[in-house]
file upload.cif (mmCIF, C-alpha atoms)
data_protein
loop_
_atom_site.label_atom_id
_atom_site.label_comp_id
_atom_site.auth_asym_id
_atom_site.auth_seq_id
_atom_site.Cartn_x
_atom_site.Cartn_y
_atom_site.Cartn_z
CA MET A 340 0.00 0.00 0.00
CA LYS A 341 1.20 3.51 -0.85
CA ILE A 342 -0.01 6.39 1.29
CA ALA A 343 0.60 9.98 0.23
CA ILE A 344 0.87 12.47 3.09
CA ILE A 345 0.27 16.13 2.26
CA PRO A 346 0.99 18.49 5.18
CA ASN A 347 0.28 22.22 5.02
CA SER A 348 3.76 23.72 5.23
CA ASP A 349 2.30 27.02 6.50
CA LYS A 350 1.05 25.39 9.71
CA PRO A 351 3.90 24.66 12.16
CA LYS A 352 2.16 21.65 13.71
CA ALA A 353 1.28 19.98 10.38
CA LEU A 354 4.74 18.52 9.82
CA GLU A 355 4.89 17.27 13.40
CA TYR A 356 1.56 15.48 12.92
CA ALA A 357 2.77 14.05 9.58
CA GLN A 358 5.80 12.62 11.41
CA ASN A 359 3.44 11.11 14.02
CA ILE A 360 1.41 9.50 11.24
CA VAL A 361 4.50 7.83 9.80
CA GLU A 362 5.50 6.63 13.28
CA VAL A 363 2.09 5.01 13.79
CA MET A 364 1.86 3.37 10.35
CA HIS A 365 5.43 2.36 9.46
CA ARG A 366 5.10 -1.03 11.17
CA HIS A 367 2.77 -2.11 8.38
CA ASP A 368 3.71 -2.85 4.77
CA VAL A 369 3.40 0.78 3.72
CA THR A 370 5.34 3.01 1.36
CA PHE A 371 4.94 6.68 2.22
CA CYS A 372 4.90 9.42 -0.41
CA ILE A 373 6.11 12.68 1.11
CA PRO A 374 6.84 16.17 -0.32
CA SER A 375 10.52 16.37 -1.23
CA ALA A 376 10.81 19.66 0.67
CA PHE A 377 10.63 17.63 3.89
CA ALA A 378 13.17 14.95 2.91
CA ASP A 379 15.47 15.82 5.80
CA ARG A 380 12.68 15.66 8.40
CA PHE A 381 11.86 11.93 8.27
CA ASP A 382 13.76 8.87 9.44
CA SER A 383 15.72 7.51 6.45
CA SER A 384 15.09 3.94 7.63
CA TYR A 385 11.40 4.25 6.73
CA ASN A 386 10.13 3.25 3.30
CA ILE A 387 9.58 6.72 1.84
CA GLU A 388 9.36 8.07 -1.69
CA TYR A 389 9.63 11.81 -2.25
CA CYS A 390 7.59 13.82 -4.75
CA ASN A 391 8.03 17.40 -5.93
CA THR A 392 4.39 18.46 -6.25
CA ASN A 393 1.02 17.67 -4.69
CA SER A 394 -0.15 16.39 -8.09
CA GLU A 395 2.69 13.85 -8.08
CA LEU A 396 1.81 12.84 -4.52
CA THR A 397 -1.85 12.30 -5.42
CA ALA A 398 -0.91 10.24 -8.48
CA ALA A 399 1.55 8.10 -6.48
CA GLY A 400 -0.60 7.25 -3.46
CA ASP A 401 -3.38 4.66 -3.18
CA MET A 402 -4.91 6.98 -0.59
CA ILE A 403 -4.10 10.49 0.56
CA ILE A 404 -3.79 11.84 4.09
CA ALA A 405 -4.06 15.64 4.13
CA VAL A 406 -2.82 17.36 7.28
CA GLY A 407 -4.02 20.93 7.73
CA GLY A 408 -7.18 23.01 7.81
CA ASP A 409 -10.24 22.72 5.61
CA GLY A 410 -8.48 24.48 2.71
CA THR A 411 -5.66 21.93 2.63
CA ILE A 412 -8.05 18.99 2.85
CA ILE A 413 -10.45 20.35 0.22
CA HIS A 414 -7.60 21.04 -2.20
CA ALA A 415 -6.27 17.50 -1.75
CA ALA A 416 -9.75 15.98 -2.05
CA LYS A 417 -10.45 17.70 -5.38
CA HIS A 418 -7.24 16.40 -6.94
CA ALA A 419 -7.91 12.94 -5.50
CA ALA A 420 -11.49 12.93 -6.80
CA GLU A 421 -10.28 13.31 -10.37
CA GLN A 422 -8.21 10.13 -9.87
CA HIS A 423 -10.93 8.31 -7.89
CA LYS A 424 -8.79 8.06 -4.75
CA PRO A 425 -9.94 8.47 -1.14
CA VAL A 426 -8.74 11.18 1.24
CA LEU A 427 -8.42 11.28 5.01
CA GLY A 428 -8.27 14.71 6.63
CA VAL A 429 -6.32 15.32 9.84
CA ASN A 430 -7.21 18.67 11.35
CA CYS A 431 -4.62 21.20 12.42
CA GLY A 432 -6.68 24.24 11.48
CA ARG A 433 -9.15 26.29 13.49
CA ILE A 434 -12.43 24.55 12.65
CA GLY A 435 -11.90 21.55 10.37
CA PHE A 436 -15.43 20.64 9.24
CA VAL A 437 -14.14 18.22 6.58
CA ALA A 438 -11.43 16.64 8.75
CA ASN A 439 -12.23 13.22 10.18
CA LEU A 440 -9.43 13.04 12.73
CA GLU A 441 -8.11 15.41 15.33
CA PRO A 442 -4.38 15.14 16.18
CA ALA A 443 -5.16 13.25 19.41
CA GLU A 444 -6.91 10.55 17.34
CA ILE A 445 -3.98 9.65 15.04
CA ASN A 446 -3.80 6.20 16.71
CA LEU A 447 -7.09 5.40 14.92
CA LEU A 448 -5.08 5.09 11.69
CA GLU A 449 -4.56 1.44 12.66
CA ARG A 450 -8.14 0.88 11.46
CA LEU A 451 -6.98 1.37 7.87
CA PHE A 452 -5.31 -2.04 8.11
CA THR A 453 -8.24 -3.88 9.72
CA GLY A 454 -10.90 -2.57 7.32
CA ASP A 455 -12.71 -0.80 10.16
CA PHE A 456 -13.56 2.34 8.20
CA GLN A 457 -16.12 3.73 5.79
CA ILE A 458 -15.95 5.79 2.60
CA ASP A 459 -17.97 9.00 2.82
CA GLU A 460 -18.99 10.16 -0.66
CA ARG A 461 -19.53 13.90 -1.15
CA MET A 462 -21.16 15.70 -4.06
CA MET A 463 -19.09 18.23 -6.03
CA LEU A 464 -19.97 21.00 -8.47
CA GLU A 465 -18.84 21.47 -12.04
CA ILE A 466 -18.38 25.14 -12.93
CA ASN A 467 -18.13 26.35 -16.52
CA ILE A 468 -17.07 29.96 -17.06
CA VAL A 469 -17.69 31.34 -20.54
CA LYS A 470 -15.42 34.34 -21.05
CA ASP A 471 -14.75 36.01 -24.39
CA GLY A 472 -16.42 33.03 -26.05
CA GLN A 473 -13.98 30.57 -24.44
CA LYS A 474 -15.09 28.03 -21.83
CA SER A 475 -13.04 27.10 -18.76
CA SER A 476 -14.12 24.29 -16.44
CA PHE A 477 -13.45 23.80 -12.72
CA TYR A 478 -14.60 21.58 -9.86
CA ALA A 479 -15.71 22.76 -6.43
CA LEU A 480 -16.17 20.75 -3.25
CA ASN A 481 -17.41 23.70 -1.17
CA GLU A 482 -18.68 26.53 -3.34
CA VAL A 483 -18.38 28.94 -6.22
CA THR A 484 -18.92 32.64 -5.50
CA VAL A 485 -19.72 35.54 -7.80
CA THR A 486 -18.84 38.74 -5.94
CA ARG A 487 -18.08 42.43 -6.30
CA GLY A 488 -14.55 43.80 -6.43
CA SER A 489 -12.96 46.26 -4.03
CA LEU A 490 -15.47 49.09 -4.49
CA SER A 491 -18.20 49.22 -1.85
CA ARG A 492 -21.20 49.06 -4.16
CA MET A 493 -23.67 46.31 -4.91
CA ILE A 494 -23.66 44.35 -8.12
CA GLU A 495 -26.62 42.94 -10.04
CA LEU A 496 -26.69 39.30 -11.10
CA SER A 497 -29.24 37.51 -13.25
CA VAL A 498 -29.94 33.87 -12.34
CA ALA A 499 -31.52 31.25 -14.60
CA LEU A 500 -32.57 27.71 -13.76
CA ASN A 501 -32.38 25.20 -16.62
CA ASP A 502 -32.17 28.12 -19.08
CA GLU A 503 -35.29 29.82 -17.65
CA PHE A 504 -34.91 33.19 -15.89
CA ILE A 505 -35.85 33.11 -12.21
CA ASN A 506 -34.54 36.28 -10.54
CA ASN A 507 -32.22 39.29 -10.53
CA TYR A 508 -30.23 39.79 -7.33
CA ARG A 509 -28.80 43.12 -6.15
CA ALA A 510 -26.24 42.13 -3.53
CA ASP A 511 -22.56 41.93 -2.72
CA GLY A 512 -22.65 38.61 -4.55
CA LEU A 513 -24.00 35.07 -4.66
CA ILE A 514 -22.73 31.78 -3.28
CA LEU A 515 -23.59 28.46 -4.95
CA SER A 516 -22.55 25.63 -2.67
CA THR A 517 -22.70 21.90 -2.15
CA PRO A 518 -24.13 20.44 1.07
CA THR A 519 -20.52 20.07 2.26
CA GLY A 520 -20.00 23.78 1.58
CA SER A 521 -23.10 24.81 3.52
CA THR A 522 -20.95 25.08 6.67
CA ALA A 523 -18.38 27.32 4.95
CA TYR A 524 -18.90 30.78 3.36
CA SER A 525 -22.64 30.21 2.93
CA LEU A 526 -23.10 29.70 6.68
CA SER A 527 -21.27 32.98 7.38
CA ALA A 528 -23.61 34.70 4.89
CA GLY A 529 -26.69 33.45 6.77
CA GLY A 530 -27.37 30.28 4.80
CA PRO A 531 -28.74 27.06 6.32
CA VAL A 532 -26.77 24.01 7.42
CA ILE A 533 -27.38 21.02 5.13
CA GLU A 534 -26.58 17.41 5.99
CA PRO A 535 -23.56 16.65 3.76
CA HIS A 536 -24.99 13.48 2.18
CA MET A 537 -27.97 15.28 0.69
CA LYS A 538 -27.95 15.92 -3.06
CA CYS A 539 -28.77 19.54 -3.81
CA ILE A 540 -27.31 22.92 -4.74
CA LEU A 541 -27.66 25.83 -2.32
CA LEU A 542 -27.86 29.45 -3.49
CA THR A 543 -27.17 32.10 -0.82
CA PRO A 544 -27.16 35.86 -1.54
CA ILE A 545 -24.40 37.89 0.17
CA CYS A 546 -25.83 41.01 1.87
CA PRO A 547 -28.79 41.35 -0.56
CA GLN A 548 -30.60 44.67 -0.98
CA SER A 549 -34.01 43.02 -0.75
CA LEU A 550 -35.08 41.62 2.62
CA SER A 551 -37.04 38.97 0.70
CA SER A 552 -33.89 37.53 -0.88
CA ARG A 553 -33.15 34.35 1.01
CA SER A 554 -31.24 31.12 0.44
CA VAL A 555 -32.77 28.74 -2.09
CA LEU A 556 -32.26 24.99 -2.46
CA PHE A 557 -32.22 23.48 -5.96
CA ALA A 558 -32.45 19.81 -6.93
CA ASP A 559 -29.15 18.14 -7.75
CA ASP A 560 -30.06 17.81 -11.44
CA SER A 561 -30.42 21.60 -11.77
CA HIS A 562 -28.35 23.67 -14.19
CA ILE A 563 -27.93 27.17 -12.79
CA THR A 564 -26.58 30.08 -14.82
CA VAL A 565 -25.38 33.38 -13.35
CA THR A 566 -24.91 36.36 -15.66
CA PRO A 567 -23.60 39.71 -14.40
CA ILE A 568 -25.53 42.83 -15.34
CA MET A 569 -22.58 45.14 -15.80
CA GLY A 570 -22.47 48.80 -14.79
CA ASP A 571 -19.81 51.30 -15.78
CA ASP A 572 -17.73 50.75 -12.65
CA ASN A 573 -18.47 47.09 -11.88
CA ASP A 574 -15.67 44.72 -11.01
CA ILE A 575 -17.13 41.23 -10.69
CA PHE A 576 -15.17 38.08 -9.89
CA VAL A 577 -16.01 34.39 -9.80
CA THR A 578 -14.02 32.36 -7.26
CA VAL A 579 -13.94 28.56 -6.91
CA ASP A 580 -13.38 27.15 -3.41
CA GLY A 581 -11.66 30.36 -2.36
CA ILE A 582 -8.67 29.68 -4.64
CA LYS A 583 -9.24 30.16 -8.37
CA SER A 584 -10.52 33.65 -9.25
CA VAL A 585 -11.58 34.97 -12.67
CA LYS A 586 -12.75 38.50 -13.50
CA LEU A 587 -16.01 38.68 -15.45
CA GLU A 588 -16.75 41.14 -18.23
CA GLN A 589 -19.85 42.11 -20.15
CA GLY A 590 -21.34 39.03 -21.85
CA ASP A 591 -19.52 36.48 -19.66
CA CYS A 592 -21.51 33.92 -17.68
CA VAL A 593 -21.06 31.20 -15.08
CA SER A 594 -22.92 27.89 -15.20
CA VAL A 595 -23.08 25.48 -12.27
CA LYS A 596 -24.28 21.89 -12.06
CA LYS A 597 -23.57 18.70 -10.14
CA SER A 598 -20.27 17.16 -11.13
CA GLY A 599 -19.98 13.66 -12.49
CA ILE A 600 -17.20 12.95 -9.98
CA THR A 601 -17.39 12.83 -6.20
CA ALA A 602 -14.94 13.38 -3.36
CA ASN A 603 -14.43 10.27 -1.25
CA PHE A 604 -13.44 10.78 2.38
CA ILE A 605 -12.21 8.04 4.68
CA LYS A 606 -14.12 7.86 7.98
CA LEU A 607 -12.26 6.19 10.84
CA ASN A 608 -14.60 7.35 13.58
CA GLN A 609 -18.38 7.32 13.61
CA LYS A 610 -19.14 10.76 14.98
CA ASN A 611 -22.61 12.00 14.08
CA PHE A 612 -22.56 15.02 11.72
CA TYR A 613 -24.75 17.09 14.05
CA ARG A 614 -22.52 16.30 17.02
CA ILE A 615 -19.49 17.43 14.99
CA LEU A 616 -21.38 20.55 13.91
CA ASN A 617 -22.26 21.45 17.49
CA ASP A 618 -18.67 20.84 18.67
CA LYS A 619 -17.15 22.93 15.86
CA LEU A 620 -19.57 25.81 16.21
CA SER A 621 -19.02 25.81 19.97
CA GLU A 622 -15.27 26.13 19.31
CA ARG A 623 -15.96 29.02 16.92
CA ARG A 624 -17.89 30.87 19.68
CA LYS A 625 -14.95 30.70 22.12
#
call {"tool": "encode", "arguments": {"input": "upload.cif", "output": "structure tokens"}}
result
Amino acid sequence: MKIAIIPNSDKPKALEYAQNIVEVMHRHDVTFCIPSAFADRFDSSYNIEYCNTNSELTAAGDMIIAVGGDGTIIHAAKHAAEQHKPVLGVNCGRIGFVANLEPAEINLLERLFTGDFQIDERMMLEINIVKDGQKSSFYALNEVTVTRGSLSRMIELSVALNDEFINNYRADGLILSTPTGSTAYSLSAGGPVIEPHMKCILLTPICPQSLSSRSVLFADDSHITVTPIMGDDNDIFVTVDGIKSVKLEQGDCVSVKKSGITANFIKLNQKNFYRILNDKLSERRK
């Protein structure tokens, strides 16, 4: 078995936890795939291969262990989903909604070798951005946002469902999220919490002008199109999972639908989603 370990190098504890993971698992017939930047931080007696990029790590491993916050885990999960490989998230961030293990639970990794785990399948979004007549495609595990630029003025966005107009929104922007993403940006914008195994697309306006503009749930077979209504001074950006950002111009549009691929998370403990939610939100209130 080959296990790729991807620690977030910006978090001081992530490398320490990655070393703990290797210590726990090296007694089994495992080859570890580790970023080459950390080659001098691991015991040379262990069976370790070093890779230069996260893409190489994902391609090399049979499963991926991502050590960091939600951003690290989501980034790893999207790359792994394209190669149909499972991901286990170990939290060393502040909240860690998509992490299955806390650092104190690393000993549970032994369950990978006894089969005492489950695969948790999560819906993803496919985003197509048509800009200057050219289409670019992306995947999102959490959300895609269409938002204003740096100027403090609202933008207007036209939304269509299955090619039929449904509403114009004047707001700071719109969030289209998966059930997994309902506890991310959408939650901060006042959206509802959705059980992550549901199949739907959530639309949440960001600071809408109209008090009647509320979050809307769409069926998972929906095709949603967002078109900016451009003013003279509008700067409008579409951002995928908080990473990839593209500026929109007059005539550009963003289409969102359920992806044909899913993210597969390894579950080593059986914590109830609502118990995790309560624990994480309690931590956020501290």
call {"tool": "resolve_selection", "arguments": {"input": "upload.cif", "expression": "the PyMOL selection byres ((chain A and resi 371-375) around 10)", "output": "MDAnalysis selection string"}}
result
chainID A and resid 340:346 348 357 361 364:365 368:370 376:381 385:393 395:401 403
call {"tool": "resolve_selection", "arguments": {"input": "upload.cif", "expression": "the PyMOL selection byres ((chain A and resi 591) around 10)", "output": "ChimeraX atom specification"}}
result
/A:468-474,565-569,586-590,592-593
call {"tool": "closest_residue", "arguments": {"input": "upload.cif", "among": "A:Leu541, A:Ala419, A:Val483, A:Leu447", "to": "Thr601 in chain A", "atoms": "all atoms listed in the file"}}
result
A:Ala419
call {"tool": "atom_distance", "arguments": {"input": "upload.cif", "atom1": "CA of Ile413 in chain A", "atom2": "CA of Val426 in chain A"}}
result
9.4 Å
call {"tool": "resolve_selection", "arguments": {"input": "upload.cif", "expression": "the PyMOL selection byres ((chain A and resi 451) around 12)", "output": "NGL selection string"}}
result
:A and (340 or 342 or 363-364 or 367-369 or 402 or 404 or 425-427 or 445-450 or 452-458 or 605-608)
call {"tool": "closest_residue", "arguments": {"input": "upload.cif", "among": "A:Arg366, A:Lys610, A:His562, A:Lys352", "to": "Ala438 in chain A", "atoms": "all atoms listed in the file"}}
result
A:Lys610
call {"tool": "closest_atom_pairs", "arguments": {"input": "upload.cif", "of": "range 498-536 of chain A", "to": "range 460-465 of chain A", "cutoff": "7 Å", "atoms": "all atoms listed in the file", "output": "CSV"}}
result
residue,atom,partner,partner_atom,distance
A:Thr517,CA,A:Met463,CA,6.4
A:Pro535,CA,A:Arg461,CA,6.9
A:His536,CA,A:Arg461,CA,6.4
call {"tool": "atom_distance", "arguments": {"input": "upload.cif", "atom1": "CA of Asp559 in chain A", "atom2": "CA of Ala405 in chain A"}}
result
27.9 Å
call {"tool": "closest_residue", "arguments": {"input": "upload.cif", "among": "A:Ser394, A:Pro544, A:Pro351, A:Ala499", "to": "Ala420 in chain A", "atoms": "only C-alpha atoms"}}
result
A:Ser394
call {"tool": "closest_residue", "arguments": {"input": "upload.cif", "among": "A:Cys539, A:Leu500, A:Val577, A:Ile615", "to": "Ile563 in chain A", "atoms": "all atoms listed in the file"}}
result
A:Leu500
call {"tool": "atom_distance", "arguments": {"input": "upload.cif", "atom1": "CA of Ser475 in chain A", "atom2": "CA of Arg492 in chain A"}}
result
27.6 Å
call {"tool": "closest_residue", "arguments": {"input": "upload.cif", "among": "A:Asp511, A:Asp349, A:Glu495, A:Asp459", "to": "Cys431 in chain A", "atoms": "only C-alpha atoms"}}
result
A:Asp349
call {"tool": "residues_around", "arguments": {"input": "upload.cif", "residues": "Asn573 in chain A", "least_positions_apart": "4", "cutoff": "8 Å", "atoms": "all atoms listed in the file", "output": "PyMOL selection string"}}
result
chain A and resi 487-488+494+569
call {"tool": "decode", "arguments": {"input": "upload.cif", "residues": "range 463-480 of chain A", "atoms": "N, CA and C atoms", "output": "CSV table (one decimal), in the first residue's frame"}}
result
chain,number,residue,atom,x,y,z
A,463,MET,N,-19.9,17.1,-5.6
A,463,MET,CA,-19.1,18.2,-6.0
A,463,MET,C,-19.8,19.0,-7.1
A,464,LEU,N,-19.4,20.2,-7.4
A,464,LEU,CA,-20.0,21.0,-8.5
A,464,LEU,C,-19.0,21.1,-9.7
A,465,GLU,N,-19.6,21.1,-10.8
A,465,GLU,CA,-18.8,21.5,-12.0
A,465,GLU,C,-19.2,22.9,-12.4
A,466,ILE,N,-18.2,23.7,-12.6
A,466,ILE,CA,-18.4,25.1,-12.9
A,466,ILE,C,-17.8,25.4,-14.3
A,467,ASN,N,-18.6,26.0,-15.2
A,467,ASN,CA,-18.1,26.4,-16.5
A,467,ASN,C,-18.2,27.9,-16.6
A,468,ILE,N,-17.1,28.5,-16.9
A,468,ILE,CA,-17.1,30.0,-17.1
A,468,ILE,C,-16.9,30.3,-18.5
A,469,VAL,N,-17.8,30.9,-19.1
A,469,VAL,CA,-17.7,31.3,-20.5
A,469,VAL,C,-17.2,32.8,-20.5
A,470,LYS,N,-16.0,33.0,-21.0
A,470,LYS,CA,-15.4,34.3,-21.0
A,470,LYS,C,-14.8,34.6,-22.4
A,471,ASP,N,-15.2,35.7,-23.0
A,471,ASP,CA,-14.8,36.0,-24.4
A,471,ASP,C,-15.0,34.8,-25.4
A,472,GLY,N,-16.1,34.1,-25.2
A,472,GLY,CA,-16.4,33.0,-26.1
A,472,GLY,C,-15.7,31.7,-25.8
A,473,GLN,N,-14.8,31.8,-24.8
A,473,GLN,CA,-14.0,30.6,-24.4
A,473,GLN,C,-14.5,30.0,-23.1
A,474,LYS,N,-14.6,28.7,-23.0
A,474,LYS,CA,-15.1,28.0,-21.8
A,474,LYS,C,-14.0,27.4,-21.0
A,475,SER,N,-14.0,27.7,-19.7
A,475,SER,CA,-13.0,27.1,-18.8
A,475,SER,C,-13.9,26.3,-17.7
A,476,SER,N,-13.4,25.2,-17.4
A,476,SER,CA,-14.1,24.3,-16.4
A,476,SER,C,-13.3,24.1,-15.2
A,477,PHE,N,-14.1,24.0,-14.0
A,477,PHE,CA,-13.5,23.8,-12.7
A,477,PHE,C,-14.4,22.9,-11.9
A,478,TYR,N,-13.8,22.3,-10.8
A,478,TYR,CA,-14.6,21.6,-9.9
A,478,TYR,C,-14.5,22.3,-8.5
A,479,ALA,N,-15.7,22.2,-7.8
A,479,ALA,CA,-15.7,22.8,-6.4
A,479,ALA,C,-16.3,21.7,-5.5
A,480,LEU,N,-15.6,21.6,-4.3
A,480,LEU,CA,-16.2,20.7,-3.3
A,480,LEU,C,-17.0,21.6,-2.3
